[in-house]
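Structure data follow from model-v7.txt (compact mmCIF, C-alpha atoms):
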```txt
# COMPACT_ATOMS: atom_id res chain seq x y z
CA MET A 193 170.65 96.53 192.83
CA SER A 194 173.25 94.26 191.26
CA LEU A 195 173.58 90.66 192.29
CA SER A 196 176.93 89.67 193.77
CA ARG A 197 179.51 88.03 191.53
CA THR A 198 181.06 85.10 193.34
CA ARG A 199 182.64 82.19 191.54
CA ARG A 200 179.65 79.93 191.94
CA SER A 201 177.08 82.57 191.01
CA THR A 202 178.94 83.68 187.87
CA LEU A 203 178.12 81.80 184.70
CA THR A 204 181.10 80.13 183.07
CA ARG A 205 179.45 79.77 179.67
CA LEU A 206 176.58 81.26 177.66
CA ARG A 207 177.06 84.45 179.64
CA GLU A 208 174.59 86.28 177.40
CA ARG A 209 171.84 84.40 179.22
CA ALA A 210 172.83 85.84 182.58
CA ARG A 211 170.77 88.48 184.37
CA THR A 212 172.59 90.39 187.06
CA ASP A 213 169.98 92.63 188.67
CA SER A 214 168.15 91.68 191.84
CA ALA A 215 164.87 92.77 190.23
CA ASP A 216 165.33 89.93 187.73
CA LEU A 217 165.96 87.51 190.59
CA HIS A 218 162.85 88.66 192.43
CA ALA A 219 160.75 88.36 189.27
CA VAL A 220 161.79 84.74 188.67
CA LEU A 221 161.21 83.80 192.30
CA ASP A 222 157.88 85.59 192.53
CA ALA A 223 156.51 83.95 189.39
CA GLY A 224 157.17 80.43 190.67
CA LEU A 225 155.04 78.04 192.68
CA VAL A 226 157.51 75.34 193.73
CA CYS A 227 161.26 75.54 194.34
CA HIS A 228 163.80 72.74 194.42
CA LEU A 229 165.84 72.86 197.61
CA GLY A 230 169.25 71.19 197.68
CA LEU A 231 170.97 70.01 200.85
CA VAL A 232 173.98 67.82 201.54
CA ARG A 233 173.39 64.75 203.70
CA ASP A 234 176.21 62.27 204.42
CA GLY A 235 178.22 63.88 201.64
CA ALA A 236 175.52 63.34 199.01
CA PRO A 237 173.10 65.89 197.56
CA VAL A 238 169.37 65.74 198.27
CA VAL A 239 166.98 67.76 196.10
CA LEU A 240 163.41 68.18 197.32
CA PRO A 241 160.48 70.17 195.91
CA THR A 242 158.86 72.54 198.37
CA ALA A 243 156.82 75.72 198.73
CA TYR A 244 158.53 79.02 199.45
CA GLY A 245 157.95 82.72 199.95
CA ARG A 246 160.01 85.87 199.65
CA ILE A 247 160.30 88.99 201.81
CA GLY A 248 162.78 91.51 200.40
CA ASP A 249 166.10 89.80 199.97
CA THR A 250 165.25 86.72 202.00
CA VAL A 251 163.49 83.58 200.82
CA TYR A 252 161.73 81.32 203.30
CA VAL A 253 160.85 77.64 203.27
CA HIS A 254 158.96 75.63 205.85
CA GLY A 255 158.36 72.07 206.80
CA SER A 256 157.25 69.74 209.51
CA THR A 257 159.54 69.66 212.52
CA GLY A 258 159.36 65.87 212.01
CA ALA A 259 160.87 65.99 208.52
CA GLY A 260 164.27 64.33 208.51
CA TYR A 261 165.87 66.70 206.07
CA LEU A 262 164.98 69.76 208.13
CA ARG A 263 166.79 68.45 211.19
CA VAL A 264 170.09 68.87 209.36
CA ALA A 265 169.28 72.20 207.74
CA ASP A 266 170.07 74.87 210.34
CA GLY A 267 173.40 76.44 209.43
CA ALA A 268 173.87 74.09 206.50
CA PRO A 269 174.77 75.18 202.97
CA VAL A 270 171.73 75.03 200.73
CA CYS A 271 170.84 75.75 197.13
CA LEU A 272 167.33 76.90 196.22
CA THR A 273 166.41 76.77 192.54
CA VAL A 274 163.27 78.00 190.77
CA THR A 275 162.79 77.18 187.09
CA HIS A 276 160.14 78.25 184.61
CA LEU A 277 160.08 76.28 181.38
CA ASP A 278 158.74 78.66 178.72
CA GLY A 279 159.24 76.72 175.54
CA ILE A 280 160.85 73.83 173.68
CA VAL A 281 163.30 75.18 171.12
CA TYR A 282 163.41 73.05 167.95
CA ALA A 283 166.44 73.74 165.77
CA ARG A 284 167.43 72.40 162.32
CA SER A 285 170.27 70.54 164.07
CA LEU A 286 169.90 68.36 167.14
CA PHE A 287 172.87 70.22 168.61
CA HIS A 288 171.03 73.54 168.77
CA HIS A 289 167.86 72.12 170.30
CA SER A 290 167.26 73.94 173.56
CA MET A 291 164.70 75.26 175.99
CA ASN A 292 163.39 78.72 176.68
CA TYR A 293 163.38 79.20 180.41
CA ARG A 294 163.91 81.50 183.34
CA SER A 295 165.84 80.11 186.28
CA ALA A 296 167.13 81.40 189.59
CA VAL A 297 169.78 79.51 191.55
CA VAL A 298 170.27 80.82 195.10
CA HIS A 299 173.35 79.73 197.07
CA GLY A 300 173.24 80.30 200.79
CA THR A 301 173.12 79.01 204.32
CA ALA A 302 169.86 77.93 205.91
CA ARG A 303 169.01 79.81 209.09
CA ALA A 304 166.36 78.37 211.40
CA VAL A 305 163.90 81.18 212.17
CA SER A 306 163.06 81.36 215.86
CA GLU A 307 162.10 84.99 216.48
CA PRO A 308 158.26 84.97 216.64
CA GLU A 309 157.64 88.06 214.52
CA GLU A 310 159.91 86.97 211.65
CA TRP A 311 158.55 83.43 211.98
CA LEU A 312 154.95 84.58 211.49
CA ASP A 313 155.88 86.99 208.67
CA ALA A 314 157.73 84.17 206.93
CA LEU A 315 154.83 81.77 207.28
CA ARG A 316 152.50 84.41 205.89
CA ALA A 317 154.85 85.00 202.94
CA ILE A 318 154.94 81.27 202.15
CA VAL A 319 151.15 80.91 202.41
CA GLU A 320 150.45 84.02 200.33
CA HIS A 321 152.94 82.90 197.69
CA LEU A 322 151.32 79.48 197.29
CA SER A 323 147.73 80.56 197.84
CA PRO A 324 147.21 84.34 197.76
CA GLY A 325 144.27 85.37 199.93
CA SER A 326 144.38 82.32 202.16
CA TRP A 327 146.06 84.12 205.05
CA GLU A 328 142.87 86.16 205.58
CA HIS A 329 140.37 83.50 204.53
CA ALA A 330 141.58 80.38 206.32
CA ARG A 331 141.80 79.52 210.01
CA GLN A 332 145.04 80.73 211.59
CA PRO A 333 147.39 78.15 213.08
CA ASN A 334 146.78 77.04 216.66
CA PRO A 335 149.67 76.52 219.10
CA ARG A 336 149.98 72.81 218.31
CA GLU A 337 150.16 73.50 214.58
CA LEU A 338 152.66 76.31 215.08
CA ALA A 339 154.88 74.04 217.14
CA ALA A 340 154.89 71.46 214.34
CA THR A 341 156.15 73.91 211.72
CA ALA A 342 159.81 74.79 211.20
CA VAL A 343 160.79 77.82 209.10
CA PHE A 344 164.16 78.47 207.46
CA ALA A 345 165.54 81.66 205.93
CA ILE A 346 167.98 81.87 203.02
CA GLY A 347 169.54 85.19 202.00
CA LEU A 348 169.42 86.25 198.36
CA ASP A 349 172.85 87.88 198.25
CA GLU A 350 174.45 85.09 196.19
CA ALA A 351 172.40 83.98 193.24
CA SER A 352 172.49 83.55 189.50
CA VAL A 353 169.62 84.19 187.11
CA LYS A 354 169.50 82.77 183.61
CA VAL A 355 166.98 83.56 180.91
CA ARG A 356 166.71 82.16 177.41
CA THR A 357 164.10 83.52 175.01
CA GLY A 358 163.54 83.53 171.30
CA PRO A 359 164.13 81.24 168.33
CA PRO A 360 166.83 78.60 167.91
CA GLY A 361 170.36 79.68 167.08
CA ASP A 362 170.85 77.59 163.97
CA ASP A 363 174.08 77.48 161.99
CA ASP A 364 173.97 79.40 158.70
CA GLY A 365 174.65 76.23 156.74
CA ASP A 366 171.62 74.51 158.23
CA ILE A 367 169.38 77.49 157.48
CA GLU A 368 170.54 77.61 153.88
CA ALA A 369 170.13 73.85 153.45
CA GLY A 370 166.39 74.16 154.15
CA GLY A 371 163.91 71.31 154.53
CA ARG A 372 163.78 71.20 158.32
CA TRP A 373 161.47 73.00 160.70
CA ALA A 374 162.78 75.36 163.34
CA GLY A 375 160.89 77.28 165.96
CA VAL A 376 159.53 77.28 169.47
CA LEU A 377 156.73 75.29 171.06
CA PRO A 378 155.62 77.47 173.97
CA VAL A 379 155.01 75.86 177.36
CA HIS A 380 152.54 77.43 179.76
CA THR A 381 151.50 76.71 183.33
CA VAL A 382 147.79 77.37 183.79
CA PHE A 383 145.15 76.91 186.46
CA GLY A 384 142.13 74.71 185.81
CA VAL A 385 138.59 75.02 187.16
CA PRO A 386 138.53 75.08 190.99
CA GLU A 387 137.16 71.87 192.53
CA SER A 388 135.20 72.47 195.73
CA SER A 389 135.63 69.91 198.47
CA ARG A 390 132.67 67.51 198.83
CA THR A 391 132.48 68.35 202.52
CA LEU A 392 131.21 71.84 201.57
CA PRO A 393 127.49 72.58 201.14
CA PRO A 394 126.59 72.17 197.43
CA ASP A 395 125.81 75.89 197.10
CA ALA A 396 128.99 77.12 198.81
CA PRO A 397 130.42 79.97 196.71
CA ILE A 398 134.03 79.84 195.53
CA PRO A 399 135.80 82.95 196.85
CA GLU A 400 137.23 85.49 194.41
CA HIS A 401 140.80 84.95 195.57
CA ILE A 402 140.45 81.48 194.04
CA THR A 403 138.35 82.22 190.94
CA ASP A 404 140.40 85.31 190.00
CA ARG A 405 143.76 83.68 190.40
CA ARG A 406 146.11 83.77 187.44
CA VAL A 407 149.59 82.30 187.06
CA GLY A 408 152.51 84.71 187.32
CA MET B 234 159.52 45.57 190.26
CA SER B 235 159.78 47.10 193.70
CA LEU B 236 162.00 50.07 194.35
CA SER B 237 164.78 49.50 196.85
CA ARG B 238 164.29 50.62 200.43
CA THR B 239 167.38 52.41 201.64
CA ARG B 240 167.37 54.92 204.45
CA ARG B 241 167.43 57.91 202.15
CA SER B 242 164.83 56.57 199.73
CA THR B 243 162.36 55.62 202.46
CA LEU B 244 159.92 58.31 203.54
CA THR B 245 160.11 59.20 207.21
CA ARG B 246 156.69 60.83 207.31
CA LEU B 247 153.43 60.90 205.32
CA ARG B 248 154.24 57.38 204.19
CA GLU B 249 150.80 57.03 202.62
CA ARG B 250 152.08 59.27 199.83
CA ALA B 251 154.88 56.88 198.93
CA ARG B 252 154.84 54.78 195.78
CA THR B 253 157.18 51.82 195.79
CA ASP B 254 156.92 50.31 192.32
CA SER B 255 159.39 51.11 189.55
CA ALA B 256 156.47 51.59 187.14
CA ASP B 257 155.42 54.58 189.25
CA LEU B 258 158.95 55.94 189.10
CA HIS B 259 159.09 55.54 185.34
CA ALA B 260 155.70 57.23 184.93
CA VAL B 261 156.76 60.32 186.90
CA LEU B 262 160.07 60.58 185.04
CA ASP B 263 158.51 60.02 181.62
CA ALA B 264 155.84 62.69 182.15
CA GLY B 265 158.40 65.40 182.96
CA LEU B 266 160.22 67.86 180.76
CA VAL B 267 162.91 69.25 183.07
CA CYS B 268 164.68 67.66 186.02
CA HIS B 269 166.59 69.34 188.84
CA LEU B 270 170.03 67.83 189.20
CA GLY B 271 171.84 68.17 192.53
CA LEU B 272 175.61 67.97 192.91
CA VAL B 273 177.99 68.80 195.73
CA ARG B 274 180.72 71.33 194.97
CA ASP B 275 183.17 72.47 197.66
CA GLY B 276 180.87 70.93 200.26
CA ALA B 277 177.83 72.91 199.16
CA PRO B 278 174.86 71.72 197.11
CA VAL B 279 174.25 72.99 193.59
CA VAL B 280 170.84 72.42 191.98
CA LEU B 281 170.51 72.99 188.24
CA PRO B 282 167.60 72.48 185.84
CA THR B 283 168.39 70.32 182.84
CA ALA B 284 166.93 68.03 180.21
CA TYR B 285 167.03 64.27 180.67
CA GLY B 286 166.00 60.99 179.13
CA ARG B 287 165.39 57.45 180.37
CA ILE B 288 166.29 54.03 179.00
CA GLY B 289 165.07 51.19 181.20
CA ASP B 290 166.42 51.72 184.68
CA THR B 291 168.96 54.38 183.74
CA VAL B 292 168.38 58.11 183.41
CA TYR B 293 170.71 60.23 181.29
CA VAL B 294 171.64 63.90 181.34
CA HIS B 295 173.93 65.78 179.02
CA GLY B 296 175.75 69.04 178.87
CA SER B 297 178.54 70.95 177.26
CA THR B 298 181.99 69.57 177.97
CA GLY B 299 182.78 73.19 178.86
CA ALA B 300 180.21 73.36 181.66
CA GLY B 301 181.95 73.72 184.99
CA TYR B 302 179.56 71.55 186.93
CA LEU B 303 180.02 68.60 184.60
CA ARG B 304 183.77 68.51 185.16
CA VAL B 305 183.15 67.42 188.74
CA ALA B 306 180.31 65.02 187.99
CA ASP B 307 181.95 61.72 186.96
CA GLY B 308 181.76 59.36 189.91
CA ALA B 309 180.16 61.99 192.12
CA PRO B 310 177.01 61.46 194.19
CA VAL B 311 174.05 63.14 192.53
CA CYS B 312 170.33 63.58 193.15
CA LEU B 313 167.95 63.93 190.23
CA THR B 314 164.46 65.17 191.03
CA VAL B 315 161.42 65.52 188.78
CA THR B 316 158.30 67.24 190.13
CA HIS B 317 154.85 67.71 188.64
CA LEU B 318 152.67 70.25 190.43
CA ASP B 319 149.08 69.12 189.85
CA GLY B 320 147.12 71.45 192.10
CA ILE B 321 147.04 73.96 194.94
CA VAL B 322 145.18 72.46 197.89
CA TYR B 323 143.17 75.06 199.82
CA ALA B 324 142.08 73.89 203.27
CA ARG B 325 139.87 75.54 205.91
CA SER B 326 142.99 75.87 208.04
CA LEU B 327 146.31 77.31 206.88
CA PHE B 328 147.98 74.28 208.43
CA HIS B 329 146.35 71.84 206.02
CA HIS B 330 147.09 73.88 202.90
CA SER B 331 149.11 71.70 200.57
CA MET B 332 149.89 70.82 196.99
CA ASN B 333 148.87 67.94 194.81
CA TYR B 334 151.98 66.67 193.07
CA ARG B 335 153.94 63.74 191.76
CA SER B 336 157.65 63.71 192.49
CA ALA B 337 160.55 61.35 191.90
CA VAL B 338 163.83 61.74 193.80
CA VAL B 339 166.66 59.60 192.42
CA HIS B 340 169.81 59.10 194.48
CA GLY B 341 172.85 57.80 192.65
CA THR B 342 176.32 58.24 191.32
CA ALA B 343 176.96 59.96 188.02
CA ARG B 344 178.81 57.83 185.49
CA ALA B 345 180.40 59.54 182.48
CA VAL B 346 179.27 57.64 179.40
CA SER B 347 182.14 56.94 177.01
CA GLU B 348 181.12 53.81 175.10
CA PRO B 349 179.94 55.11 171.68
CA GLU B 350 176.80 52.98 171.38
CA GLU B 351 175.48 53.83 174.83
CA TRP B 352 176.48 57.45 174.30
CA LEU B 353 174.43 57.75 171.10
CA ASP B 354 171.47 55.85 172.58
CA ALA B 355 171.53 58.19 175.58
CA LEU B 356 171.64 61.31 173.44
CA ARG B 357 168.73 59.98 171.41
CA ALA B 358 166.76 59.30 174.60
CA ILE B 359 167.37 62.84 175.85
CA VAL B 360 166.42 64.41 172.51
CA GLU B 361 163.31 62.26 172.11
CA HIS B 362 162.24 63.03 175.67
CA LEU B 363 162.50 66.80 175.20
CA SER B 364 161.36 66.91 171.57
CA PRO B 365 159.84 63.65 170.31
CA GLY B 366 160.35 63.25 166.58
CA SER B 367 163.40 65.50 166.40
CA TRP B 368 165.89 62.64 166.20
CA GLU B 369 164.54 61.73 162.75
CA HIS B 370 163.68 65.25 161.60
CA ALA B 371 166.74 67.29 162.57
CA ARG B 372 170.32 67.18 161.36
CA GLN B 373 172.40 64.62 163.24
CA PRO B 374 175.40 65.86 165.24
CA ASN B 375 178.69 66.28 163.39
CA PRO B 376 182.00 65.19 164.99
CA ARG B 377 182.68 68.65 166.42
CA GLU B 378 179.24 68.79 168.05
CA LEU B 379 179.59 65.26 169.37
CA ALA B 380 182.93 66.13 170.93
CA ALA B 381 181.38 69.10 172.71
CA THR B 382 178.67 67.02 174.42
CA ALA B 383 179.18 65.09 177.66
CA VAL B 384 176.65 62.45 178.75
CA PHE B 385 176.15 61.08 182.26
CA ALA B 386 174.21 58.04 183.42
CA ILE B 387 172.44 57.65 186.76
CA GLY B 388 170.95 54.31 187.82
CA LEU B 389 167.36 54.19 189.05
CA ASP B 390 167.89 51.56 191.73
CA GLU B 391 167.62 54.02 194.64
CA ALA B 392 164.70 56.40 194.37
CA SER B 393 161.60 57.58 196.17
CA VAL B 394 158.30 58.50 194.54
CA LYS B 395 155.67 60.62 196.25
CA VAL B 396 152.17 61.34 195.04
CA ARG B 397 149.49 63.50 196.62
CA THR B 398 146.04 63.68 195.08
CA GLY B 399 142.58 64.70 196.17
CA PRO B 400 140.96 67.23 198.48
CA PRO B 401 142.42 68.84 201.61
CA GLY B 402 142.57 66.84 204.82
CA ASP B 403 140.72 69.27 207.05
CA ASP B 404 140.13 68.70 210.76
CA ASP B 405 136.57 67.71 211.65
CA GLY B 406 136.15 70.81 213.79
CA ASP B 407 137.00 73.09 210.86
CA ILE B 408 134.56 71.28 208.56
CA GLU B 409 131.76 71.58 211.13
CA ALA B 410 132.52 75.25 211.78
CA GLY B 411 131.77 76.08 208.13
CA GLY B 412 132.21 79.45 206.43
CA ARG B 413 135.50 78.76 204.72
CA TRP B 414 136.17 77.36 201.26
CA ALA B 415 138.14 74.19 200.75
CA GLY B 416 139.14 72.50 197.55
CA VAL B 417 141.73 72.17 194.85
CA LEU B 418 142.82 74.60 192.16
CA PRO B 419 144.24 72.34 189.44
CA VAL B 420 147.56 73.27 187.82
CA HIS B 421 148.27 72.14 184.27
CA THR B 422 151.27 72.36 181.98
CA VAL B 423 150.18 72.91 178.39
CA PHE B 424 151.76 73.64 175.04
CA GLY B 425 150.90 76.83 173.15
CA VAL B 426 150.76 77.44 169.41
CA PRO B 427 154.08 76.56 167.69
CA GLU B 428 156.03 79.63 166.56
CA SER B 429 157.95 79.03 163.32
CA SER B 430 161.37 80.63 163.08
CA ARG B 431 161.49 83.76 160.87
CA THR B 432 164.35 82.23 158.94
CA LEU B 433 161.90 79.69 157.47
CA PRO B 434 159.98 80.37 154.23
CA PRO B 435 156.56 81.87 155.14
CA ASP B 436 154.73 78.81 153.79
CA ALA B 437 156.94 76.23 155.54
CA PRO B 438 154.63 73.61 157.07
CA ILE B 439 154.87 72.75 160.75
CA PRO B 440 155.57 69.01 161.05
CA GLU B 441 153.07 66.74 162.78
CA HIS B 442 155.50 65.76 165.52
CA ILE B 443 155.21 69.39 166.64
CA THR B 444 151.53 70.12 165.99
CA ASP B 445 150.36 66.81 167.48
CA ARG B 446 152.45 67.05 170.61
CA ARG B 447 150.66 66.82 173.93
CA VAL B 448 152.02 67.04 177.48
CA GLY B 449 152.47 63.79 179.34
```
With the file now loaded, output its structure as structure tokens.
Amino acid sequence: MSLSRTRRSTLTRLRERARTDSADLHAVLDAGLVCHLGLVRDGAPVVLPTAYGRIGDTVYVHGSTGAGYLRVADGAPVCLTVTHLDGIVYARSLFHHSMNYRSAVVHGTARAVSEPEEWLDALRAIVEHLSPGSWEHARQPNPRELAATAVFAIGLDEASVKVRTGPPGDDDGDIEAGGRWAGVLPVHTVFGVPESSRTLPPDAPIPEHITDRRVG
Amino acid sequence: MSLSRTRRSTLTRLRERARTDSADLHAVLDAGLVCHLGLVRDGAPVVLPTAYGRIGDTVYVHGSTGAGYLRVADGAPVCLTVTHLDGIVYARSLFHHSMNYRSAVVHGTARAVSEPEEWLDALRAIVEHLSPGSWEHARQPNPRELAATAVFAIGLDEASVKVRTGPPGDDDGDIEAGGRWAGVLPVHTVFGVPESSRTLPPDAPIPEHITDRRVG
């Protein structure tokens, strides 16, 4: 399915980096761990990192009902951005230095989720995105915990996806001049060795949904 | 030096995660590679990933003079956020699942830099932040390239820094109940093996400012 082409979701420059299929959007979102959520408060932007999850063409975020920024979010315009930095691009010229990356910028309106079934599905999507396997393994929320958690939905129908890959785009003159390095220093996000909580028995096994986890 | 305490830079909840010294702010900014810059356009937030650099208590971003979002930026309220995800926090309960992270949220007003000396210093700071060593190694910008690059300054006098470290904060009842894993899966950002551009001679050495580079 093609992504919509509104003014704000259409790239004005470097259009060759644009991806216009919703599968590309889903791939960038699904590979991320944290998004940056933008809101407007008193006329000024606020950008906060937060967890998220996706179900079809809706992305969900959650937060404490006591969080100040969430009180203003229902019905408000929001922007949800997920960025993967894949490499530092070193060119012969400073001007052509760049980054390899994949980014998704979603423009939408936050909708407070109140219907219990969607609310629980959304919470599950957020949990399973951040920590796959935890929905089955961990204790489910009790009524007090549920009441403390607000969930917001953002539709994916207006979004832009940008991807840059490959070597630097040096000018011919700089390539011919020689003497300077050009290339890419890859950047990876990796998981380390799981650290069991000290409140566990010393011989407590680490479950496979933790030990087998890989990024992406 | 203490960070200022305005309403929007003061945490309303989980205050124990707040850091209030400018050295903490500088450390979070300096350890990052990409920031997320928030602007307001037509009343809606826009959040874009971009490179940045810091000099003292000013952070700088740059972009093409042809970029649509930069045309609206001079004098506009902005929010610049840098986030490091350090770990996925698995608790016995879903409710206490969390992330270990360091984040800096800078609230300010973008100022278009026009004075040549500050402009060049800012560009150098951005380049050396993204690719340390490149300022000396790569070809300096020519007048055409300089004319195509806009630089904006954002003061660091209004910012909040949040840090979460350590194991999950499980409820006593969940710890006593047993049977569920709790702990932290660390998340690291690492550099891979540098990939030389194919337009280089096959025996071109990779400079030390690339091979010796480490994250942080």
List the spatial neighbours of region 388-402 of chain A as a ChimeraX atom specification - criterion: any atom at most 10 Å away, only C-alpha atoms, same-chain residues fewer than 2 positions off excluded.
/A:323-326,329,385-386,404-406 /B:322-324,399-403,408-409,411-418
Nearest residue to chain B from the set A:Ser201, A:Thr381, A:Asn292, A:Thr357 (distances using only C-alpha atoms):
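When distances to chain B are compared using only C-alpha atoms, the smallest one comes from A:Thr381.
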Return the neighbours of chain B among the residues of chain A, cut-off 6 Å, counting all atoms listed in the file, as a PyMOL selection string.
chain A and resi 230-232+236-238+269-271+284-286+330-332+359+374-384+386-389
What separation in Å, quoted to one decimal, exists between CA of Arg211 (chain A) and CA of Val353 (chain A)?
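Taking CA of Arg211 (chain A) as the start and CA of Val353 (chain A) as the end point, the length is 5.2 Å.
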Distance of CA of Ala345 (chain A) from CA of His218 (chain A), expressed in Å to one decimal place:
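Rounded to one decimal, the two atoms are 15.4 Å apart.
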Take every atom of region 391-410 of chain B listed in the file, fit an axis-aligned box around them, add 6 Å per side, and give the centre and edge lengths in Å to one decimal as JSON.
```
{"center_x": 149.7, "center_y": 64.6, "center_z": 204.1, "size_x": 47.9, "size_y": 33.2, "size_z": 31.4}
```
Counting all atoms listed in the file, closest pick from B:Arg335, B:Ala343, B:Gly388, B:Glu361 relative to Ala260 (chain B) is B:Arg335
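Between CA of Val253 (chain A) and CA of Glu391 (chain B) the separation is 26.0 Å.
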Which neighbours of Asp290 (chain B) fall inside 10 Å, counting only C-alpha atoms, when residues of the same chain fewer than 6 positions from it are skipped, and could you give them as a PyMOL selection string?
chain B and resi 255+258-259+387-390
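Using only C-alpha atoms, the shortest contact distance between Ile247 (chain A) and any of A:Arg303, A:His321, A:Arg356, A:Arg209 is found at A:His321.
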